[in-house]
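Here's the structure, in structure tokens; my notes come after.
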There are 4 protein chains.
Amino acid sequence: MPSQRFYTLTASCPDRVGIVARVSSFIAELGGWILETNLHADREANRYFMRIEVKADSLPFLLAEFRDRFRPLAEDFEMKWKINDSAVKKRVVLMVSKQEHCLYDLLARWQSKELDIEIPCVISNHDTFRGFVEWHGIPFHHVPVTPDNKAGAYAEVKRIFDDVRGDTMVLARYMQILSPELCAAYPGRILNIHHSFLPSFVGAKPYHQAYQRGVKLIGATCHYVTEELDQGPIIEQDVIRVDHSDSPEDMVRYGKDIEKTVLARGLRFHLEDRVLVHGNKTVVFR
Amino acid sequence: MPSQRFYTLTASCPDRVGIVARVSSFIAELGGWILETNLHADREANRYFMRIEVKADSLPFLLAEFRDRFRPLAEDFEMKWKINDSAVKKRVVLMVSKQEHCLYDLLARWQSKELDIEIPCVISNHDTFRGFVEWHGIPFHHVPVTPDNKAGAYAEVKRIFDDVRGDTMVLARYMQILSPELCAAYPGRILNIHHSFLPSFVGAKPYHQAYQRGVKLIGATCHYVTEELDQGPIIEQDVIRVDHSDSPEDMVRYGKDIEKTVLARGLRFHLEDRVLVHGNKTVVFR
Amino acid sequence: MPSQRFYTLTASCPDRVGIVARVSSFIAELGGWILETNLHADREANRYFMRIEVKADSLPFLLAEFRDRFRPLAEDFEMKWKINDSAVKKRVVLMVSKQEHCLYDLLARWQSKELDIEIPCVISNHDTFRGFVEWHGIPFHHVPVTPDNKAGAYAEVKRIFDDVRGDTMVLARYMQILSPELCAAYPGRILNIHHSFLPSFVGAKPYHQAYQRGVKLIGATCHYVTEELDQGPIIEQDVIRVDHSDSPEDMVRYGKDIEKTVLARGLRFHLEDRVLVHGNKTVVFR
Amino acid sequence: MPSQRFYTLTASCPDRVGIVARVSSFIAELGGWILETNLHADREANRYFMRIEVKADSLPFLLAEFRDRFRPLAEDFEMKWKINDSAVKKRVVLMVSKQEHCLYDLLARWQSKELDIEIPCVISNHDTFRGFVEWHGIPFHHVPVTPDNKAGAYAEVKRIFDDVRGDTMVLARYMQILSPELCAAYPGRILNIHHSFLPSFVGAKPYHQAYQRGVKLIGATCHYVTEELDQGPIIEQDVIRVDHSDSPEDMVRYGKDIEKTVLARGLRFHLEDRVLVHGNKTVVFR
């Protein structure tokens with residue numbers, strides 16, 4: 001929980017000699033105080049990844065100028081990059097259905113400022129949690145999804161998300177499959193929690209699949225949503241032990257504990273700009 | 001989550017030949033259908049522990065008569081025993097202070113019927129969560145605790161607990177030390193979650209102690225409260241990995257995830273009569 | 001590590017009222033002292049599973065008579081059953097290729113009597129470990145396997161296994177696929193360690209598959225060998241955390257630590273008659 | 001498992017602006033290709049830690065000149081530093097008593113080149129493993145330790161260690177307490193594996209202590225040896241789950257699996273110059 005304001009620079013580029021030297025010299029010459037640095041060279045892809053936190057008040061100018069000054073360097077190295085400001089809270093829209101565990105968990109983290117975000121609204125295909133969400137002072141939108149209205153429903157979700165200027169959409173056990181259009185509209189910005197240790201048990205009822213196979217551990221996976229179901233880049237995973245005495249219903253129950261924890265960890269990595277996507281894989285600077 | 005009504009017999013007694021034979025024959029002769037059996041012989045203590053679930057409607061009478069018929073057998077074996085009815089919900093009083101993670105977590109489990117309990121009230125030494133608790137339709141009691149009023153405050157807590165006919169008291173990150181009288185009044189009925197892997201880091205600020213020692217894992221412990229601080233019988237523990245980059249504040253944050261999970265697991269074991277205490281140790285039939 | 005001799009009765013049968021009563025009364029009437037009891041009712045399959053350890057010298061006769069006396073009861077309940085004697089060491093044949101981690105690990109456990117077994121021989125498709133194995137006083141058989149001689153090679157393996165009166169065959173990172181005939185000859189008696197968290201990454205180079213998919217945990221699975229590759233009943237699994245900085249070679253290296261641990265745990269469960277197979281699943285009484 | 005030769009620079013110094021810029025520019029100007037970089041700012045201690053791997057053949061000179069050229073920069077920043085060459089194998093002396101699990105495990109890793117080290121000798125206070133060690137072509141020294149000859153025995157150990165030009169001494173379940181003189185002679189170069197999750201259960205028979213306290217997890221700790229028993233800087237720890245049915249002997253057995261794994265992991269971090277000690281704590285760049 002950093003109490004001081006800082007800028008987070010994340011970048012990736014083709015690997016070559018001198019990247020760190022140029023970037024760190026650029027920051028040092030401006031007097032920038034580095035709080036945290038993470039660097040990774042992917043030898044297979046020959047690509048370099050970095051994440052650097054710079055204390056905001058150690059720089060002699062504001063964010064916009066920091067970006068302007070960094071731009072030429074970034075172009076020299078053909079970087080994909082961004083610089084975010086810790087003082088600008090991210091706007092996270094939650095999507096839920098009828099299960100409470102992830103919703104309660106995320107709202108508790110938001111209440112305690114553990115997740116220092118704005119939640120401009122919660123969207124659900126059921127009206128179940130309206131009262132609970134509104135009690136927290138958060139607007140609630142009921143957007144029913146039926147086999148017949150999918151296109152219309154997801155157009156409405158998109159309209160709301162854009163309207164509230166959402167940065168990130170979180171499927172917190174949202175039990176519908178988003179439309180391909182919606183997936184494509186926000187690449188790397190929609191997080192899902194899948195209730196299995198992917199790539200095992202893709203699709204529906206993974207705990208029942210796990211029960212039938214007789215596995216001794218069950219898992220959960222937080223990943224970015226892409227158009228291909230449960231195939232997006234994995235951010236975080238975890239597992240929990242089960243045994244022969246556990247029914248599918250027991251597994252559903254145990255699974256909730258890792259679902260909410262894995263989703264919260266993955267979301268935090270995402271919000272702190274610790275996740276860099278390359279192809280269908282992620283670099284996660286913990 | 002069994003949907004059918006059942007009786008849970010738990011017992012412990014000095015170990016000798018024939019205990020299981022007598023108990024299981026007793027049940028079989030009544031036509032009792034056993035759903036689950038757990039048995040343990042503690043060789044060091046020469047003591048036998050058991051937990052048996054019997055389908056309620058497989059017996060030709062009700063709970064009171066089941067108890068009456070079992071009593072002579074129990075006396076023969078000098079058992080400490082009880083029989084509970086799954087249809088009678090336990091009454092769990094939550095004690096909280098100013099941290100939300102365990103409170104939100106337990107109320108989500110209660111809302112979803114994962115914890116099939118009554119929560120007759122929440123007691124707190126602060127008024128912080130009154131609105132949240134009352135929104136759930138649960139009475140909230142603010143019982144301030146100051147250095148000067150401890151005896152009075154805990155007398156009031158006891159009065160409320162007795163008044164609502166509480167079965168179990170859960171210290172869900174309640175940041176005060178109960179009075180010895182209160183501890184002594186409800187042996188094996190008050191659960192605490194301590195934010196360290198006991199017996200390491202007893203007492204205050206365990207995460208700061210952990211940081212100073214440079215440990216690579218931090219933990220949480222759910223235990224029964226006894227008069228000796230953080231020394232009661234341990235029900236459940238877990239740990240999470242940390243490293244040199246984690247500040248004490250980071251540890252506090254990570255720790256919350258295991259605190260709430262360990263407390264919920266320990267509480268579930270307790271509520272399902274899976275925990276048998278002997279001396280300062282527990283048998284936990286998962 | 002029990003130092004006293006005991007008999008282990010394992011059985012499964014259709015579930016009905018009175019199974020435990022009959023079995024435990026039978027033992028009690030003989031004066032049998034029960035050391036450990038494990039019971040499990042599979043509600044889906046409506047089948048009952050049990051494992052009971054009885055102190056040998058508490059019974060007034062020897063193993064053969066124990067079996068004879070138990071047989072009628074077993075027939076009444078249509079049991080699949082067996083009774084083993086802890087004093088009769090199991091004969092375990094190890095199959096290895098060119099990787100040492102599981103071989104060293106198992107021999108260390110055998111040396112220290114942690115695994116109280118006979119190892120009548122080691123069979124390998126390479127001559128690499130002859131010296132190491134023979135130094136331990138264990139015969140070593142080099143049975144080369146080529147695309148052309150598979151049938152002959154596995155006939156030779158079978159001949160050796162039968163010749164040394166093997167109870168259990170352990171594929172300790174044996175890098176060949178057994179012939180269907182061999183698999184079929186010893187159902188529930190051949191254990192394999194697969195280097196992935198099954199059902200993910202069946203077949204060859206699972207760590208490379210895991211790397212390509214970008215998973216955040218890798219695993220190992222100990223299972224009984226059946227004719228269908230990597231599809232047999234799972235006995236034990238575990239996982240270990242990896243991240244973006246780990247190459248496939250790093251994963252291979254980390255993976256070894258869970259492979260040997262998971263294999264050793266699975267083997268121990270098997271040797272202690274703690275694994276009961278039903279269909280393609282296992283009951284494992286830890 | 002890097003197949004190419006590289007130099008590893010590790011350094012720590014008071015934190016200030018420009019450290020990374022200076023070091024990375026220094027390397028870039030020489031054309032040095034960086035394989036891996038790890039950086040850490042300890043805000044409490046106001047100290048900066050780094051570890052950088054540079055491809056050897058990307059530099060236009062050899063190690064000695066690399067060191068000479070780096071020295072002035074290091075002095076400017078008041079660094080504690082060193083540069084090691086991956087082509088120079090470290091010389092690791094193993095100390096053992098009568099338990100085989102860590103010895104077999106380390107020798108298997110050495111045989112397979114997973115640990116790419118020299119083992120110039122094994123020293124033991126018993127003659128038990130002479131044959132096994134010598135079979136591997138490694139000299140074995142039996143140095144008995146009795147209450148009366150401690151000073152002499154440890155003088156002999158020191159003589160042997162110096163004689164074989166040992167870099168690192170590993171107490172692989174060596175069941176004696178080293179003399180203060182020996183501890184002081186090699187700070188940060190002697191690794192021990194303690195069979196508990198420190199700081200719990202310091203000293204003798206930790207598993208029995210754990211059994212008495214009724215903990216639900218047991219652990220192992222790899223740490224540097226200092227004069228104060230079991231109080232040195234912690235490098236790595238792990239735990240494993242136990243329950244009421246586990247005797248102290250069971251815990252001893254399970255514990256071996258984490259002891260050997262934790263020791264091997266800690267040793268690898270140490271050998272790869274991933275462990276930087278500051279005060280009584282470690283920075284471990286995984």
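Residue numbers start at 1 in each chain; chains themselves are named A, B, ... in the order of the structure tokens; ligands are numbered from 1 in the order shown.
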Within 9 Å of range 236-250 of chain A, counting only C-alpha atoms, which residues qualify if same-chain residues fewer than 2 places away don't, as an MDAnalysis selection string?
(chainID A and resid 196:198 207:212 214:223 234 252:255 257:259 261:263 265:266 284) or (chainID B and resid 1:2) or (chainID C and resid 40:44 215:217 238:239 241 281:285)
Output as a compact mmCIF listing (two decimals) with N, CA, C and O atoms, in the first residue's frame all residues of range 73-259 of chain B that backbone DSSP marks as helix (DSSP H, G or I).
```txt
# COMPACT_ATOMS: atom_id res chain seq x y z
N LEU B 73 -24.92 -47.13 26.86
CA LEU B 73 -23.72 -47.56 26.14
C LEU B 73 -22.59 -46.57 26.43
O LEU B 73 -21.45 -46.96 26.74
N ALA B 74 -22.89 -45.28 26.32
CA ALA B 74 -21.88 -44.24 26.57
C ALA B 74 -21.31 -44.37 27.97
O ALA B 74 -20.10 -44.18 28.18
N GLU B 75 -22.17 -44.69 28.92
CA GLU B 75 -21.69 -44.81 30.29
C GLU B 75 -20.78 -46.02 30.45
O GLU B 75 -19.77 -45.97 31.15
N ASP B 76 -21.14 -47.11 29.78
CA ASP B 76 -20.28 -48.31 29.83
C ASP B 76 -18.85 -47.99 29.41
O ASP B 76 -17.89 -48.53 29.97
N HIS B 101 -12.55 -7.67 6.51
CA HIS B 101 -12.41 -8.85 5.64
C HIS B 101 -13.09 -10.09 6.19
O HIS B 101 -13.77 -10.81 5.46
N CYS B 102 -12.95 -10.38 7.47
CA CYS B 102 -13.60 -11.59 8.00
C CYS B 102 -15.12 -11.41 8.09
O CYS B 102 -15.87 -12.36 7.84
N LEU B 103 -15.56 -10.22 8.43
CA LEU B 103 -17.00 -9.97 8.54
C LEU B 103 -17.70 -10.15 7.20
O LEU B 103 -18.70 -10.88 7.09
N TYR B 104 -17.19 -9.48 6.15
CA TYR B 104 -17.77 -9.64 4.82
C TYR B 104 -17.74 -11.12 4.40
O TYR B 104 -18.69 -11.63 3.82
N ASP B 105 -16.63 -11.75 4.67
CA ASP B 105 -16.47 -13.14 4.24
C ASP B 105 -17.50 -14.05 4.91
O ASP B 105 -18.15 -14.87 4.25
N LEU B 106 -17.67 -13.89 6.21
CA LEU B 106 -18.62 -14.76 6.92
C LEU B 106 -20.06 -14.44 6.51
O LEU B 106 -20.87 -15.35 6.34
N LEU B 107 -20.37 -13.16 6.31
CA LEU B 107 -21.75 -12.83 5.91
C LEU B 107 -22.05 -13.32 4.49
O LEU B 107 -23.18 -13.73 4.20
N ALA B 108 -21.05 -13.31 3.61
CA ALA B 108 -21.28 -13.86 2.26
C ALA B 108 -21.58 -15.35 2.35
O ALA B 108 -22.47 -15.86 1.66
N ARG B 109 -20.86 -16.05 3.21
CA ARG B 109 -21.10 -17.49 3.36
C ARG B 109 -22.45 -17.78 4.00
O ARG B 109 -23.08 -18.80 3.72
N TRP B 110 -22.87 -16.87 4.87
CA TRP B 110 -24.18 -17.01 5.51
C TRP B 110 -25.29 -16.70 4.51
O TRP B 110 -26.27 -17.44 4.42
N GLN B 111 -25.10 -15.66 3.73
CA GLN B 111 -26.09 -15.29 2.71
C GLN B 111 -26.33 -16.43 1.73
O GLN B 111 -27.44 -16.69 1.31
N ARG B 130 -22.18 -0.95 11.93
CA ARG B 130 -23.60 -1.02 12.26
C ARG B 130 -24.47 -1.07 11.00
O ARG B 130 -25.29 -1.98 10.82
N GLY B 131 -24.26 -0.13 10.10
CA GLY B 131 -25.11 -0.05 8.91
C GLY B 131 -25.03 -1.30 8.06
O GLY B 131 -26.04 -1.85 7.62
N PHE B 132 -23.82 -1.78 7.85
CA PHE B 132 -23.61 -2.96 7.01
C PHE B 132 -24.30 -4.18 7.61
O PHE B 132 -24.98 -4.94 6.92
N VAL B 133 -24.11 -4.35 8.90
CA VAL B 133 -24.70 -5.52 9.57
C VAL B 133 -26.22 -5.42 9.58
O VAL B 133 -26.92 -6.39 9.26
N GLU B 134 -26.72 -4.25 9.95
CA GLU B 134 -28.18 -4.09 10.03
C GLU B 134 -28.83 -4.21 8.65
O GLU B 134 -29.95 -4.68 8.53
N TRP B 135 -28.11 -3.80 7.60
CA TRP B 135 -28.66 -3.98 6.24
C TRP B 135 -28.98 -5.45 6.00
O TRP B 135 -29.94 -5.79 5.31
N LYS B 150 -13.28 -2.79 31.28
CA LYS B 150 -13.20 -4.14 30.72
C LYS B 150 -14.19 -5.10 31.38
O LYS B 150 -14.91 -5.83 30.70
N ALA B 151 -14.18 -5.11 32.71
CA ALA B 151 -15.06 -6.05 33.41
C ALA B 151 -16.51 -5.82 33.02
O ALA B 151 -17.25 -6.76 32.66
N GLY B 152 -16.92 -4.56 33.02
CA GLY B 152 -18.29 -4.23 32.66
C GLY B 152 -18.60 -4.59 31.21
O GLY B 152 -19.66 -5.14 30.90
N ALA B 153 -17.66 -4.28 30.33
CA ALA B 153 -17.89 -4.54 28.91
C ALA B 153 -18.08 -6.04 28.67
O ALA B 153 -19.00 -6.46 27.96
N TYR B 154 -17.23 -6.86 29.27
CA TYR B 154 -17.34 -8.29 29.01
C TYR B 154 -18.52 -8.93 29.73
O TYR B 154 -19.06 -9.93 29.27
N ALA B 155 -18.92 -8.31 30.82
CA ALA B 155 -20.17 -8.76 31.44
C ALA B 155 -21.33 -8.50 30.48
O ALA B 155 -22.24 -9.34 30.33
N GLU B 156 -21.28 -7.35 29.81
CA GLU B 156 -22.33 -7.01 28.85
C GLU B 156 -22.29 -7.97 27.64
O GLU B 156 -23.33 -8.44 27.17
N VAL B 157 -21.10 -8.28 27.16
CA VAL B 157 -20.99 -9.24 26.05
C VAL B 157 -21.60 -10.58 26.46
O VAL B 157 -22.36 -11.20 25.72
N LYS B 158 -21.27 -11.00 27.66
CA LYS B 158 -21.79 -12.27 28.15
C LYS B 158 -23.31 -12.24 28.27
O LYS B 158 -23.99 -13.19 27.89
N ARG B 159 -23.82 -11.12 28.76
CA ARG B 159 -25.26 -10.98 28.89
C ARG B 159 -25.94 -11.10 27.53
O ARG B 159 -26.92 -11.83 27.36
N ILE B 160 -25.38 -10.41 26.54
CA ILE B 160 -25.98 -10.46 25.19
C ILE B 160 -25.90 -11.87 24.63
O ILE B 160 -26.88 -12.40 24.08
N PHE B 161 -24.73 -12.49 24.76
CA PHE B 161 -24.53 -13.84 24.22
C PHE B 161 -25.53 -14.82 24.83
O PHE B 161 -26.14 -15.63 24.13
N ASP B 162 -25.70 -14.73 26.15
CA ASP B 162 -26.65 -15.63 26.81
C ASP B 162 -28.08 -15.29 26.40
O ASP B 162 -28.91 -16.17 26.17
N ASP B 163 -28.33 -13.99 26.29
CA ASP B 163 -29.66 -13.52 25.97
C ASP B 163 -30.12 -14.03 24.60
O ASP B 163 -31.29 -14.39 24.42
N PRO B 180 -10.66 -13.14 31.42
CA PRO B 180 -10.54 -14.56 31.82
C PRO B 180 -11.90 -15.17 32.14
O PRO B 180 -12.15 -16.34 31.83
N GLU B 181 -12.80 -14.39 32.72
CA GLU B 181 -14.13 -14.91 33.07
C GLU B 181 -14.88 -15.36 31.82
O GLU B 181 -15.52 -16.42 31.80
N LEU B 182 -14.82 -14.51 30.81
CA LEU B 182 -15.54 -14.82 29.57
C LEU B 182 -14.94 -16.07 28.93
O LEU B 182 -15.66 -16.98 28.49
N CYS B 183 -13.61 -16.15 28.88
CA CYS B 183 -12.94 -17.32 28.31
C CYS B 183 -13.38 -18.58 29.05
O CYS B 183 -13.67 -19.62 28.43
N ALA B 184 -13.42 -18.49 30.36
CA ALA B 184 -13.72 -19.67 31.17
C ALA B 184 -15.19 -20.08 31.05
O ALA B 184 -15.53 -21.26 31.24
N ALA B 185 -16.05 -19.12 30.70
CA ALA B 185 -17.49 -19.40 30.69
C ALA B 185 -17.88 -20.31 29.52
O ALA B 185 -18.87 -21.03 29.59
N PRO B 206 1.97 -9.34 14.84
CA PRO B 206 2.74 -10.50 14.39
C PRO B 206 3.36 -10.32 13.00
O PRO B 206 4.44 -10.86 12.74
N TYR B 207 2.70 -9.57 12.11
CA TYR B 207 3.29 -9.40 10.78
C TYR B 207 4.57 -8.57 10.88
O TYR B 207 5.52 -8.80 10.14
N HIS B 208 4.57 -7.61 11.77
CA HIS B 208 5.80 -6.83 11.95
C HIS B 208 6.90 -7.70 12.56
O HIS B 208 8.06 -7.58 12.18
N GLN B 209 6.52 -8.56 13.48
CA GLN B 209 7.51 -9.52 14.02
C GLN B 209 8.05 -10.41 12.90
O GLN B 209 9.25 -10.68 12.83
N ALA B 210 7.16 -10.87 12.03
CA ALA B 210 7.57 -11.75 10.93
C ALA B 210 8.52 -11.02 9.98
O ALA B 210 9.51 -11.58 9.50
N TYR B 211 8.20 -9.76 9.72
CA TYR B 211 9.05 -8.95 8.84
C TYR B 211 10.45 -8.81 9.45
O TYR B 211 11.46 -8.97 8.76
N GLN B 212 10.50 -8.52 10.73
CA GLN B 212 11.80 -8.34 11.37
C GLN B 212 12.62 -9.62 11.33
O GLN B 212 13.83 -9.58 11.16
N ARG B 213 11.97 -10.77 11.48
CA ARG B 213 12.72 -12.04 11.49
C ARG B 213 13.10 -12.48 10.08
O ARG B 213 13.93 -13.35 9.90
N PRO B 248 5.90 -4.78 5.89
CA PRO B 248 4.91 -5.25 6.87
C PRO B 248 3.48 -4.96 6.41
O PRO B 248 2.58 -5.77 6.62
N GLU B 249 3.27 -3.83 5.73
CA GLU B 249 1.93 -3.48 5.25
C GLU B 249 1.48 -4.48 4.17
O GLU B 249 0.31 -4.84 4.11
N ASP B 250 2.40 -4.88 3.30
CA ASP B 250 2.05 -5.91 2.31
C ASP B 250 1.65 -7.21 3.01
O ASP B 250 0.69 -7.88 2.62
N MET B 251 2.41 -7.57 4.04
CA MET B 251 2.12 -8.81 4.77
C MET B 251 0.74 -8.73 5.41
O MET B 251 -0.03 -9.71 5.40
N VAL B 252 0.41 -7.58 5.98
CA VAL B 252 -0.91 -7.40 6.57
C VAL B 252 -1.97 -7.66 5.51
O VAL B 252 -2.96 -8.35 5.74
N ARG B 253 -1.76 -7.14 4.32
CA ARG B 253 -2.72 -7.28 3.23
C ARG B 253 -2.84 -8.72 2.76
O ARG B 253 -3.94 -9.27 2.66
N TYR B 254 -1.71 -9.37 2.48
CA TYR B 254 -1.76 -10.78 2.07
C TYR B 254 -2.38 -11.63 3.16
O TYR B 254 -3.12 -12.58 2.90
N GLY B 255 -2.00 -11.31 4.40
CA GLY B 255 -2.43 -12.12 5.52
C GLY B 255 -3.95 -12.20 5.62
O GLY B 255 -4.50 -13.23 6.01
N LYS B 256 -4.62 -11.10 5.25
CA LYS B 256 -6.08 -11.11 5.35
C LYS B 256 -6.69 -12.27 4.57
O LYS B 256 -7.70 -12.84 4.98
N ASP B 257 -6.09 -12.61 3.43
CA ASP B 257 -6.66 -13.68 2.61
C ASP B 257 -6.60 -15.03 3.31
O ASP B 257 -7.51 -15.85 3.17
N ILE B 258 -5.51 -15.28 4.04
CA ILE B 258 -5.49 -16.55 4.76
C ILE B 258 -6.26 -16.45 6.06
O ILE B 258 -6.87 -17.42 6.49
N GLU B 259 -6.28 -15.28 6.69
CA GLU B 259 -7.06 -15.16 7.93
C GLU B 259 -8.51 -15.56 7.69
O GLU B 259 -9.09 -16.36 8.42
```
Long-range neighbours of range 16-23 of chain D as a list of chain:residue names, 6 Å cut-off, only C-alpha atoms, 4 positions minimum in chain:
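Result of the neighbour search: A:Ala21, A:Ser24, A:Ser25, A:Ala28, A:Trp33.
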Run DSSP on the backbone and give me the residues of range 46-135 of chain A it puts in strand (DSSP E), as a list in words.
Arg47, Tyr48, Phe49, Met50, Arg51, Ile52, Glu53, Val54, Lys55, Lys80, Trp81, Lys82, Ile83, Asn84, Asp85, Val92, Val93, Leu94, Met95, Val96, Val122, Ile123 and Ser124 of chain A
With C-alpha atoms kept, could you save the residues just selected as a PDB file, in the first residue's frame?
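Printed below is result31.pdb as written:
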```pdb
ATOM      1  CA  ARG A  47      11.591  -9.393 -26.341  1.00  0.00           C
ATOM      2  CA  TYR A  48      12.294  -7.183 -23.344  1.00  0.00           C
ATOM      3  CA  PHE A  49       9.719  -6.237 -20.701  1.00  0.00           C
ATOM      4  CA  MET A  50       9.981  -3.609 -17.978  1.00  0.00           C
ATOM      5  CA  ARG A  51       7.997  -1.945 -15.221  1.00  0.00           C
ATOM      6  CA  ILE A  52       9.436   1.007 -13.310  1.00  0.00           C
ATOM      7  CA  GLU A  53       7.839   3.026 -10.510  1.00  0.00           C
ATOM      8  CA  VAL A  54       9.126   6.615 -10.209  1.00  0.00           C
ATOM      9  CA  LYS A  55       8.253   8.881  -7.274  1.00  0.00           C
ATOM     10  CA  LYS A  80       4.740  -0.694 -26.667  1.00  0.00           C
ATOM     11  CA  TRP A  81       4.476   1.477 -23.553  1.00  0.00           C
ATOM     12  CA  LYS A  82       2.389   3.508 -21.147  1.00  0.00           C
ATOM     13  CA  ILE A  83       2.852   5.615 -18.039  1.00  0.00           C
ATOM     14  CA  ASN A  84       0.132   5.673 -15.381  1.00  0.00           C
ATOM     15  CA  ASP A  85      -0.320   7.899 -12.345  1.00  0.00           C
ATOM     16  CA  VAL A  92     -13.579  -0.995 -12.510  1.00  0.00           C
ATOM     17  CA  VAL A  93     -16.988  -2.266 -13.602  1.00  0.00           C
ATOM     18  CA  LEU A  94     -18.075  -5.520 -11.944  1.00  0.00           C
ATOM     19  CA  MET A  95     -20.239  -8.054 -13.780  1.00  0.00           C
ATOM     20  CA  VAL A  96     -22.047 -10.585 -11.569  1.00  0.00           C
ATOM     21  CA  VAL A 122     -22.145  -3.161 -11.074  1.00  0.00           C
ATOM     22  CA  ILE A 123     -23.911  -4.859 -13.999  1.00  0.00           C
ATOM     23  CA  SER A 124     -25.823  -8.115 -13.593  1.00  0.00           C
TER      24      SER A 124
END
```
Straight-line distance linking CA of Asn192 in chain C with CA of Ala45 in chain C, stated in Å to one decimal:
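Separation of CA of Asn192 in chain C and CA of Ala45 in chain C: 26.2 Å.
In this model, the gap between CA of Met169 in chain D and CA of His278 in chain D comes to 19.9 Å.
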